[in-house]
Structures are given as C-alpha cells and as structure tokens.
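Source file: target30.pdb; contents: PDB, C-alpha atoms and all ligand atoms.
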ATOM      1  CA  MET A   1       0.000   0.000   0.000
ATOM      2  CA  ARG A   2       1.296   3.419  -0.865
ATOM      3  CA  PHE A   3       0.399   6.976   0.172
ATOM      4  CA  THR A   4       1.553  10.097  -1.607
ATOM      5  CA  VAL A   5       0.965  13.291   0.353
ATOM      6  CA  TYR A   6       1.055  16.685  -1.351
ATOM      7  CA  THR A   7       1.535  19.587   1.037
ATOM      8  CA  LEU A   8       3.083  23.041   1.296
ATOM      9  CA  PHE A   9       4.681  21.887   4.553
ATOM     10  CA  PRO A  10       6.417  18.515   4.160
ATOM     11  CA  GLY A  11       8.225  19.301   7.418
ATOM     12  CA  LEU A  12       4.919  19.031   9.284
ATOM     13  CA  VAL A  13       4.181  15.567   7.933
ATOM     14  CA  THR A  14       7.527  13.759   7.810
ATOM     15  CA  PRO A  15       8.446  13.729  11.535
ATOM     16  CA  TYR A  16       5.173  12.009  12.458
ATOM     17  CA  LEU A  17       6.095   9.148  10.138
ATOM     18  CA  GLN A  18       9.389   8.616  11.921
ATOM     19  CA  GLU A  19       8.065   7.373  15.254
ATOM     20  CA  ALA A  20       6.167   4.451  16.741
ATOM     21  CA  LEU A  21       4.016   2.022  14.762
ATOM     22  CA  LEU A  22       3.814   4.089  11.564
ATOM     23  CA  ALA A  23       7.612   4.197  11.382
ATOM     24  CA  ARG A  24       7.754   0.441  11.926
ATOM     25  CA  ALA A  25       5.132  -0.250   9.261
ATOM     26  CA  ILE A  26       7.137   1.860   6.809
ATOM     27  CA  ARG A  27      10.427   0.209   7.800
ATOM     28  CA  GLU A  28       8.900  -3.235   7.322
ATOM     29  CA  GLY A  29       7.563  -2.282   3.899
ATOM     30  CA  LEU A  30       3.900  -2.733   4.861
ATOM     31  CA  VAL A  31       3.247   0.796   3.709
ATOM     32  CA  GLU A  32       5.194   3.296   1.642
ATOM     33  CA  VAL A  33       4.742   7.032   2.198
ATOM     34  CA  VAL A  34       6.028   9.666  -0.207
ATOM     35  CA  VAL A  35       5.706  13.302   0.884
ATOM     36  CA  ARG A  36       5.959  15.918  -1.857
ATOM     37  CA  ASP A  37       6.137  19.692  -1.750
ATOM     38  CA  LEU A  38       3.315  21.441  -3.612
ATOM     39  CA  ARG A  39       5.401  24.557  -3.981
ATOM     40  CA  ARG A  40       7.390  22.873  -6.774
ATOM     41  CA  PHE A  41       4.366  23.513  -8.969
ATOM     42  CA  ALA A  42       4.195  27.269  -8.282
ATOM     43  CA  GLY A  43       5.654  27.977 -11.710
ATOM     44  CA  ASN A  44       7.104  31.277 -10.521
ATOM     45  CA  ARG A  45      10.227  32.336  -8.684
ATOM     46  CA  THR A  46       8.355  33.520  -5.592
ATOM     47  CA  GLY A  47       6.964  30.030  -4.941
ATOM     48  CA  ARG A  48       3.434  31.419  -4.586
ATOM     49  CA  VAL A  49       0.731  28.843  -5.051
ATOM     50  CA  ASP A  50      -2.235  30.988  -3.990
ATOM     51  CA  ASP A  51      -4.060  33.996  -5.347
ATOM     52  CA  ALA A  52      -6.848  36.386  -4.377
ATOM     53  CA  PRO A  53     -10.412  35.048  -4.668
ATOM     54  CA  TYR A  54     -12.501  36.076  -7.665
ATOM     55  CA  GLY A  55     -15.384  38.159  -6.400
ATOM     56  CA  GLY A  56     -13.265  39.622  -3.617
ATOM     57  CA  GLY A  57     -13.208  38.871   0.070
ATOM     58  CA  ALA A  58     -10.677  37.916   2.688
ATOM     59  CA  GLY A  59      -8.090  35.147   2.431
ATOM     60  CA  MET A  60      -6.221  33.525  -0.405
ATOM     61  CA  VAL A  61      -7.212  30.587  -2.578
ATOM     62  CA  MET A  62      -4.825  27.854  -3.698
ATOM     63  CA  ARG A  63      -4.534  27.594  -7.481
ATOM     64  CA  VAL A  64      -6.209  24.721  -9.303
ATOM     65  CA  ASP A  65      -3.303  24.380 -11.763
ATOM     66  CA  VAL A  66      -1.039  23.612  -8.786
ATOM     67  CA  ALA A  67      -3.381  20.806  -7.688
ATOM     68  CA  ALA A  68      -3.582  19.553 -11.286
ATOM     69  CA  ALA A  69       0.211  19.411 -11.597
ATOM     70  CA  ALA A  70       0.383  17.364  -8.388
ATOM     71  CA  VAL A  71      -2.349  14.954  -9.497
ATOM     72  CA  ASP A  72      -0.701  14.579 -12.918
ATOM     73  CA  GLU A  73       2.648  13.823 -11.287
ATOM     74  CA  ALA A  74       1.064  11.185  -9.043
ATOM     75  CA  ALA A  75      -0.707   9.657 -12.060
ATOM     76  CA  ALA A  76       2.714   8.837 -13.531
ATOM     77  CA  ASP A  77       3.667   6.834 -10.404
ATOM     78  CA  ASP A  78       3.648   3.060 -10.425
ATOM     79  CA  PRO A  79       0.999   2.092  -9.523
ATOM     80  CA  PRO A  80      -0.957   5.284 -10.220
ATOM     81  CA  PRO A  81      -3.327   6.364  -7.410
ATOM     82  CA  ASP A  82      -6.617   4.471  -7.322
ATOM     83  CA  GLU A  83      -7.908   7.176  -4.964
ATOM     84  CA  VAL A  84      -7.144  10.908  -4.911
ATOM     85  CA  VAL A  85      -8.393  12.465  -1.681
ATOM     86  CA  LEU A  86      -8.724  16.159  -0.962
ATOM     87  CA  LEU A  87      -8.715  16.904   2.762
ATOM     88  CA  THR A  88     -11.293  19.605   3.460
ATOM     89  CA  PRO A  89     -13.792  20.416   6.209
ATOM     90  CA  ALA A  90     -16.433  20.354   3.449
ATOM     91  CA  GLY A  91     -15.780  16.681   2.644
ATOM     92  CA  GLU A  92     -17.558  13.486   3.648
ATOM     93  CA  ARG A  93     -16.855  12.530   7.233
ATOM     94  CA  LEU A  94     -13.988  10.110   7.861
ATOM     95  CA  THR A  95     -15.473   7.009   9.505
ATOM     96  CA  GLN A  96     -14.103   3.564  10.221
ATOM     97  CA  GLY A  97     -16.153   2.380   7.222
ATOM     98  CA  LEU A  98     -14.375   4.813   4.918
ATOM     99  CA  VAL A  99     -11.018   3.896   6.473
ATOM    100  CA  GLU A 100     -11.738   0.226   5.701
ATOM    101  CA  GLU A 101     -12.593   1.140   2.111
ATOM    102  CA  LEU A 102      -9.380   3.131   1.686
ATOM    103  CA  ALA A 103      -7.411   0.205   3.130
ATOM    104  CA  THR A 104      -8.369  -1.830   0.037
ATOM    105  CA  ARG A 105      -6.597   0.629  -2.296
ATOM    106  CA  ARG A 106      -3.107   0.176  -3.660
ATOM    107  CA  HIS A 107      -2.155   3.860  -3.855
ATOM    108  CA  VAL A 108      -3.934   6.718  -2.093
ATOM    109  CA  CYS A 109      -2.942  10.262  -3.016
ATOM    110  CA  LEU A 110      -3.720  12.861  -0.332
ATOM    111  CA  LEU A 111      -3.972  16.570  -1.172
ATOM    112  CA  SER A 112      -3.558  18.927   1.782
ATOM    113  CA  ALA A 113      -4.657  22.520   1.373
ATOM    114  CA  ARG A 114      -3.819  25.670   3.353
ATOM    115  CA  TYR A 115      -5.327  29.172   3.408
ATOM    116  CA  GLU A 116      -8.964  29.158   2.240
ATOM    117  CA  GLY A 117      -8.455  25.848   0.442
ATOM    118  CA  PHE A 118      -8.155  25.100  -3.264
ATOM    119  CA  ASP A 119     -10.052  26.711  -6.116
ATOM    120  CA  ALA A 120     -13.372  24.820  -6.285
ATOM    121  CA  ARG A 121     -12.400  23.258  -9.619
ATOM    122  CA  VAL A 122     -10.102  20.918  -7.675
ATOM    123  CA  GLU A 123     -13.266  18.797  -7.335
ATOM    124  CA  SER A 124     -12.835  17.710 -10.945
ATOM    125  CA  LEU A 125      -9.387  16.296 -10.117
ATOM    126  CA  VAL A 126     -10.091  14.180  -7.047
ATOM    127  CA  THR A 127     -12.049  10.988  -6.419
ATOM    128  CA  ARG A 128     -13.331  12.147  -3.030
ATOM    129  CA  GLU A 129     -13.218  14.903  -0.435
ATOM    130  CA  VAL A 130     -12.771  13.939   3.190
ATOM    131  CA  SER A 131     -13.217  15.797   6.483
ATOM    132  CA  ILE A 132     -11.994  14.498   9.823
ATOM    133  CA  GLY A 133     -14.708  16.351  11.732
ATOM    134  CA  ASP A 134     -16.818  19.449  12.050
ATOM    135  CA  PHE A 135     -14.050  21.843  12.978
ATOM    136  CA  VAL A 136     -11.615  23.857  10.924
ATOM    137  CA  LEU A 137      -7.880  23.267  11.124
ATOM    138  CA  MET A 138      -5.186  25.464   9.633
ATOM    139  CA  GLY A 139      -4.516  22.934   6.897
ATOM    140  CA  GLY A 140      -4.967  19.389   5.675
ATOM    141  CA  GLU A 141      -1.719  17.960   7.061
ATOM    142  CA  LEU A 142      -3.151  16.586  10.313
ATOM    143  CA  PRO A 143      -6.179  15.160   8.476
ATOM    144  CA  ALA A 144      -3.830  13.465   5.973
ATOM    145  CA  LEU A 145      -1.894  11.939   8.876
ATOM    146  CA  CYS A 146      -5.172  10.785  10.462
ATOM    147  CA  VAL A 147      -6.142   9.005   7.251
ATOM    148  CA  MET A 148      -2.730   7.363   6.909
ATOM    149  CA  GLU A 149      -2.591   6.226  10.520
ATOM    150  CA  ALA A 150      -6.150   4.886  10.587
ATOM    151  CA  VAL A 151      -5.623   2.993   7.325
ATOM    152  CA  THR A 152      -2.165   1.687   8.187
ATOM    153  CA  ARG A 153      -3.332   0.092  11.440
ATOM    154  CA  LEU A 154      -5.697  -2.084   9.388
ATOM    155  CA  ILE A 155      -2.848  -3.545   7.330
ATOM    156  CA  PRO A 156      -2.096  -7.044   8.619
ATOM    157  CA  GLY A 157       1.069  -6.962  10.702
ATOM    158  CA  ALA A 158       1.016  -3.193  11.348
ATOM    159  CA  LEU A 159      -0.234  -3.672  14.907
ATOM    160  CA  GLY A 160       1.726  -5.878  17.250
ATOM    161  CA  ASP A 161      -1.369  -7.696  18.421
ATOM    162  CA  GLU A 162      -3.557  -8.929  15.554
ATOM    163  CA  GLU A 163      -6.557  -9.090  17.886
ATOM    164  CA  SER A 164      -6.453  -5.501  18.925
ATOM    165  CA  HIS A 165      -8.085  -3.914  15.938
ATOM    166  CA  ARG A 166     -10.808  -6.469  15.551
ATOM    167  CA  GLN A 167     -12.170  -5.721  18.999
ATOM    168  CA  ASP A 168     -11.666  -2.004  19.297
ATOM    169  CA  SER A 169     -14.128   0.861  19.069
ATOM    170  CA  PHE A 170     -16.096   1.053  15.804
ATOM    171  CA  ALA A 171     -14.786  -2.215  14.320
ATOM    172  CA  SER A 172     -17.833  -3.873  15.928
ATOM    173  CA  GLY A 173     -20.023  -0.850  15.257
ATOM    174  CA  LEU A 174     -20.042  -0.158  19.015
ATOM    175  CA  LEU A 175     -17.760   1.838  21.281
ATOM    176  CA  ASP A 176     -15.113  -0.222  23.032
ATOM    177  CA  TYR A 177     -15.794  -1.666  26.496
ATOM    178  CA  PRO A 178     -13.779  -0.107  29.343
ATOM    179  CA  GLU A 179     -10.356  -1.629  30.054
ATOM    180  CA  TYR A 180      -8.492  -1.736  33.376
ATOM    181  CA  THR A 181      -5.013  -2.709  34.505
ATOM    182  CA  ARG A 182      -3.078  -2.751  37.810
ATOM    183  CA  PRO A 183      -3.437  -1.405  40.443
ATOM    184  CA  ALA A 184      -6.759  -3.049  41.322
ATOM    185  CA  GLY A 185      -7.603  -0.162  43.641
ATOM    186  CA  PHE A 186      -6.776   3.468  42.848
ATOM    187  CA  ARG A 187      -7.973   6.466  44.884
ATOM    188  CA  GLY A 188     -10.994   4.535  46.022
ATOM    189  CA  LEU A 189     -11.841   3.423  42.468
ATOM    190  CA  ALA A 190     -12.093  -0.358  42.185
ATOM    191  CA  VAL A 191     -11.765  -2.597  39.139
ATOM    192  CA  PRO A 192     -15.082  -4.418  38.506
ATOM    193  CA  ASP A 193     -14.974  -7.757  40.377
ATOM    194  CA  VAL A 194     -15.885  -9.818  37.321
ATOM    195  CA  LEU A 195     -12.588  -8.856  35.636
ATOM    196  CA  LEU A 196     -10.657 -10.292  38.579
ATOM    197  CA  SER A 197     -12.747 -13.473  38.642
ATOM    198  CA  GLY A 198     -10.832 -15.354  35.946
ATOM    199  CA  HIS A 199     -14.191 -16.482  34.506
ATOM    200  CA  HIS A 200     -13.754 -15.941  30.747
ATOM    201  CA  GLY A 201     -17.412 -16.457  29.871
ATOM    202  CA  MET A 202     -18.574 -13.912  32.423
ATOM    203  CA  VAL A 203     -15.870 -11.469  31.399
ATOM    204  CA  ALA A 204     -16.946 -11.686  27.748
ATOM    205  CA  LYS A 205     -20.601 -11.161  28.687
ATOM    206  CA  TRP A 206     -19.727  -8.197  30.918
ATOM    207  CA  ARG A 207     -17.612  -6.619  28.171
ATOM    208  CA  ARG A 208     -20.391  -6.896  25.622
ATOM    209  CA  ARG A 209     -22.881  -5.369  28.046
ATOM    210  CA  GLU A 210     -20.503  -2.499  28.888
ATOM    211  CA  ALA A 211     -19.844  -1.838  25.177
ATOM    212  CA  LEU A 212     -23.605  -1.629  24.682
ATOM    213  CA  ARG A 213     -24.009   0.598  27.756
ATOM    214  CA  ARG A 214     -21.250   2.985  26.665
ATOM    215  CA  THR A 215     -22.628   3.221  23.158
ATOM    216  CA  LEU A 216     -26.154   3.799  24.440
ATOM    217  CA  LEU A 217     -24.980   6.563  26.775
ATOM    218  CA  ARG A 218     -22.378   8.256  24.586
ATOM    219  CA  ARG A 219     -23.191   7.510  20.948
ATOM    220  CA  PRO A 220     -26.744   6.154  20.638
ATOM    221  CA  ASP A 221     -26.634   7.075  16.916
ATOM    222  CA  LEU A 222     -24.205   4.163  16.363
ATOM    223  CA  LEU A 223     -26.760   1.601  17.547
ATOM    224  CA  GLU A 224     -28.848   2.066  14.411
ATOM    225  CA  ALA A 225     -26.149   0.613  12.148
ATOM    226  CA  ALA A 226     -24.424  -1.773  14.593
ATOM    227  CA  PRO A 227     -24.891  -5.513  13.977
ATOM    228  CA  LEU A 228     -26.793  -6.635  17.105
ATOM    229  CA  SER A 229     -27.840 -10.102  18.206
ATOM    230  CA  ASP A 230     -31.196 -10.842  19.847
ATOM    231  CA  GLU A 231     -29.323 -11.066  23.139
ATOM    232  CA  ASP A 232     -27.808  -7.607  22.538
ATOM    233  CA  ARG A 233     -31.277  -6.208  21.876
ATOM    234  CA  SER A 234     -32.703  -7.605  25.104
ATOM    235  CA  GLU A 235     -29.642  -6.324  26.983
ATOM    236  CA  LEU A 236     -30.186  -2.881  25.463
ATOM    237  CA  GLU A 237     -33.829  -2.990  26.514
ATOM    238  CA  ARG A 238     -32.755  -3.755  30.105
ATOM    239  CA  LEU A 239     -30.179  -0.945  29.976
ATOM    240  CA  ARG A 240     -32.790   1.500  28.677
ATOM    241  CA  LEU A 241     -35.124   0.580  31.528
ATOM    242  CA  GLU A 242     -32.288   0.952  34.054
ATOM    243  CA  LEU A 243     -31.427   4.276  32.454
ATOM    244  CA  ALA A 244     -35.008   5.462  32.731
ATOM    245  CA  ALA A 245     -34.878   4.457  36.403
ATOM    246  CA  GLY A 246     -31.621   6.417  36.756
ATOM    247  CA  ALA A 247     -29.368   3.399  37.343
ATOM    248  CA  ALA A 248     -27.593   2.616  34.057
ATOM    249  CA  ASN A 249     -24.752   5.074  34.425
ATOM    250  CA  GLU A 250     -21.200   4.089  33.691
ATOM    251  CA  PRO A 251     -19.045   3.123  36.664
ATOM    252  CA  ASP A 252     -17.374   6.273  38.059
TER
HETATM  253  N1  LIG B   1      -8.708  21.137   6.647
HETATM  254  C1  LIG B   1      -9.045  22.023   7.605
HETATM  255  N2  LIG B   1      -9.910  21.482   8.467
HETATM  256  C2  LIG B   1     -10.128  20.195   8.057
HETATM  257  C3  LIG B   1     -10.935  19.117   8.534
HETATM  258  N3  LIG B   1     -11.706  19.238   9.609
HETATM  259  N4  LIG B   1     -10.901  17.968   7.842
HETATM  260  C4  LIG B   1     -10.149  17.841   6.726
HETATM  261  N5  LIG B   1      -9.378  18.821   6.232
HETATM  262  C5  LIG B   1      -9.364  19.994   6.883
END
Spit out the file's structure as structure tokens when you get a sec.
Ligand code: ADE
Amino acid sequence: MRFTVYTLFPGLVTPYLQEALLARAIREGLVEVVVRDLRRFAGNRTGRVDDAPYGGGAGMVMRVDVAAAAVDEAAADDPPPDEVVLLTPAGERLTQGLVEELATRRHVCLLSARYEGFDARVESLVTREVSIGDFVLMGGELPALCVMEAVTRLIPGALGDEESHRQDSFASGLLDYPEYTRPAGFRGLAVPDVLLSGHHGMVAKWRRREALRRTLLRRPDLLEAAPLSDEDRSELERLRLELAAGAANEPD
C-alpha cells in the first residue's frame, strides 16, 4: 500500500512518520509514504501557489493548476493512485467504514490545502473529499496523517497484536468496552470484580454489556447501524429501563 501526500509543509508531515508504529510499518515495507512539496508547482520564482479570490473577500485561494500538476505527477507513479483524496472540512466525514474502504486501495494520493483551500475546480481532479470532523484546522496535514494512521493500522502486521483492531471501538459498530489494569484499587476506584474473577465467559458477557451501555450513553446514533444479536437487543432494553430508572450510568 502506498500513500503520496502533497503539502506546502512537508516538514509538518515527515516527523510524524518517523516514530512508533507508523515508522515500523514503513520500515517493514507494509506501507510506503512519499511526501511531496506542492510549492514545486508554483511555476514562478516567488513560490506562490495561492491567489486572491474572484469576487473579492478575505483570504487567499490555492490555485487549481497547482493541484492539477500534483495529481498529474502522481498519475505517472507506479501504480498510479486508485484514490485521490482532498482533505477539506467540506468533505464526507472520515469514519471507520471509509477507512476500511481506503485500506483496500493500492495507492492513495492525499492533497492537503492551506489558506482558504483550493479553487473549487479541484473537485474535478479528485475521487473524493474527506473531512476528519466538524471543525476547521489550519490545513490538511493533520487530516492526511489521520487518514494514513487509521488505514495503516488495518494492514495485517502493522499492529503488534492482531486481535487488537478487531475488537476495538467502531470495528464492531459499538464503542469499546472499558479496560483496566493494575493497580486493582486506585484512589478509592475499584476494578469491577468480574474482571478479577478469571471467569472468561462472564468477562466476555460483561464486556459486551458495557460496550452496549457505553454506546447507548455516549453515541446512541451508532446503535442504528451496529450488527446486534437478539441477546444484545434484550440487553439494550434492560439498559434503557435501568437508564429510565436512573441506574444505568457508567461506573465512576
Ligand atoms: N482542513 C481544515 N480542516 C479540516 C478538517 N476538519 N478535515 C479535513 N481537512 C481539513
């Protein structure tokens, strides 16, 4: 799997790729990341890639010919990108589902904008526009890193423990159950007894119920799309009743 990132600030992107699991995945050849400077396509000696907006107003707009030169360059790579993503707050929301889809690609090209973003005609050059959330950052570099990290951790071998991404938040359509480690008591806060019981069946049942409880309390919208068994549905019904009676809160 390969990523090509186009940015005006390669120095913002590169250091993040040099640490921890991303660095290891790159070192082991599970993923290749090429970071390229958009300013090479300025076509002028000043290196300016932006211009004033037609129609007036504040801020500068990045030129569409700069984006086109980057996309054309990437198209000559082997393999050429099978996905060209513009990072923008106006894009479709990045979800685990979209991450899984991107993980099936061979080469994802990521275009990071600055200033007021690219000239709107950039839309004709990309396969999709992606936002990492309803807030506005100063540029698309962090969103590009989010995409790369979320996708890379799905590549077999990129995580030490193969189990850990199958069971984590969103992979099941639910939020993750709460985890605990030593010490068993901390500032009067105990670890739930069942986790100390050594009873695997009861632990699994408790974890499923707590994942359902967390999702119900924090992100009930996720329950609509989550694959739920009949047992999950009856558990949710019990939790809703407890909640209505004021007793289904998370452990504090
Ligand atoms: N650029 C600025 N803000 C962004 C966001 N929330 N998502 C993607 N790209 C962005």
Enumerate residues in contact with ligand LIG 1 (chain B): an atom-to-atom distance of at most 9 Å, counting all atoms listed in the file. Format the result as a list in words. Leu86, Leu87, Thr88, Pro89, Ala90, Gly91, Arg93, Leu94, Ser112, Ala113, Arg114, Glu116, Gly117, Glu129, Val130, Ser131, Ile132, Gly133, Asp134, Phe135, Val136, Leu137, Met138, Gly139, Gly140, Glu141, Leu142, Pro143 and Ala144 of chain A
Would you give me, as a Markdown table, each residue of region 87-130 of chain A having an atom within 7 Å of an atom of region 61-77 of chain A, along with its shortest atom pair and that distance in Å to one decimal, using only C-alpha atoms and sorting by chain and residue number?
| residue | atom | partner | partner_atom | distance |
| --- | --- | --- | --- | --- |
| A:Tyr115 | CA | A:Val61 | CA | 6.4 |
| A:Glu116 | CA | A:Val61 | CA | 5.3 |
| A:Gly117 | CA | A:Val61 | CA | 5.8 |
| A:Phe118 | CA | A:Met62 | CA | 4.3 |
| A:Asp119 | CA | A:Val64 | CA | 5.4 |
| A:Arg121 | CA | A:Val64 | CA | 6.4 |
| A:Val122 | CA | A:Val64 | CA | 5.7 |
| A:Leu125 | CA | A:Ala68 | CA | 6.8 |
Convert the output of the PyMOL selection byres (((chain A and resi 31-47) around 10) and not hetatm) on the shown file into explicit residues, formatted as an NGL selection string. :A and (1-11 or 13-14 or 17 or 22-30 or 48-50 or 63 or 65-70 or 74 or 106-113 or 148 or 151-152 or 155 or 158)
Quote the spacing between CA of Asp193 (chain A) and CA of Leu159 (chain A) in Å to one decimal place.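 If I compute the distance from CA of Asp193 (chain A) to CA of Leu159 (chain A), I get 29.7 Å.
Considering only C-alpha atoms, the residue among A:Arg128, A:Tyr16, A:Arg233, A:Phe170 positioned nearest to Thr95 (chain A) is A:Phe170.
Comparing the minimum interatomic distances between Arg153 (chain A) and each of A:Gly55, A:Gly173, A:Leu102, A:Val126, counting all atoms listed in the file, we find that A:Leu102 sits nearest.
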Within 12 Å of region 218-227 of chain A, counting only C-alpha atoms, which residues show up once you throw out same-chain ones fewer than 4 positions away? Write them as an MDAnalysis selection string, please. chainID A and resid 95:97 169:176 210:214 231:233 236 240 249:250
Given only C-alpha atoms as the basis, pick out the residue of A:Val203, A:Ala244, A:Leu228, A:Leu21 nearest to Gly157 (chain A). A:Leu21
One number please: CA of Arg105 (chain A) to CA of Leu154 (chain A), in Å, one decimal.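 Pair CA of Arg105 (chain A) / CA of Leu154 (chain A) returns 12.0 Å.
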Give me the box for region 214-217 of chain A as AutoDock Vina command-line options, namely the centre and edge lengths in Å to one decimal of a box along x, y and z that holds every listed atom plus 4 Å on each side.
--center_x -23.7 --center_y 4.8 --center_z 25.0 --size_x 12.9 --size_y 11.6 --size_z 11.6
Coordinates-based distance that separates CA of Ser229 (chain A) from CA of Arg207 (chain A) (Å, one decimal): 14.7 Å
Of the residues A:Asp230, A:Asp78, A:Glu123, A:Glu149, which is the one nearest to Ala103 (chain A), using only C-alpha atoms? A:Glu149
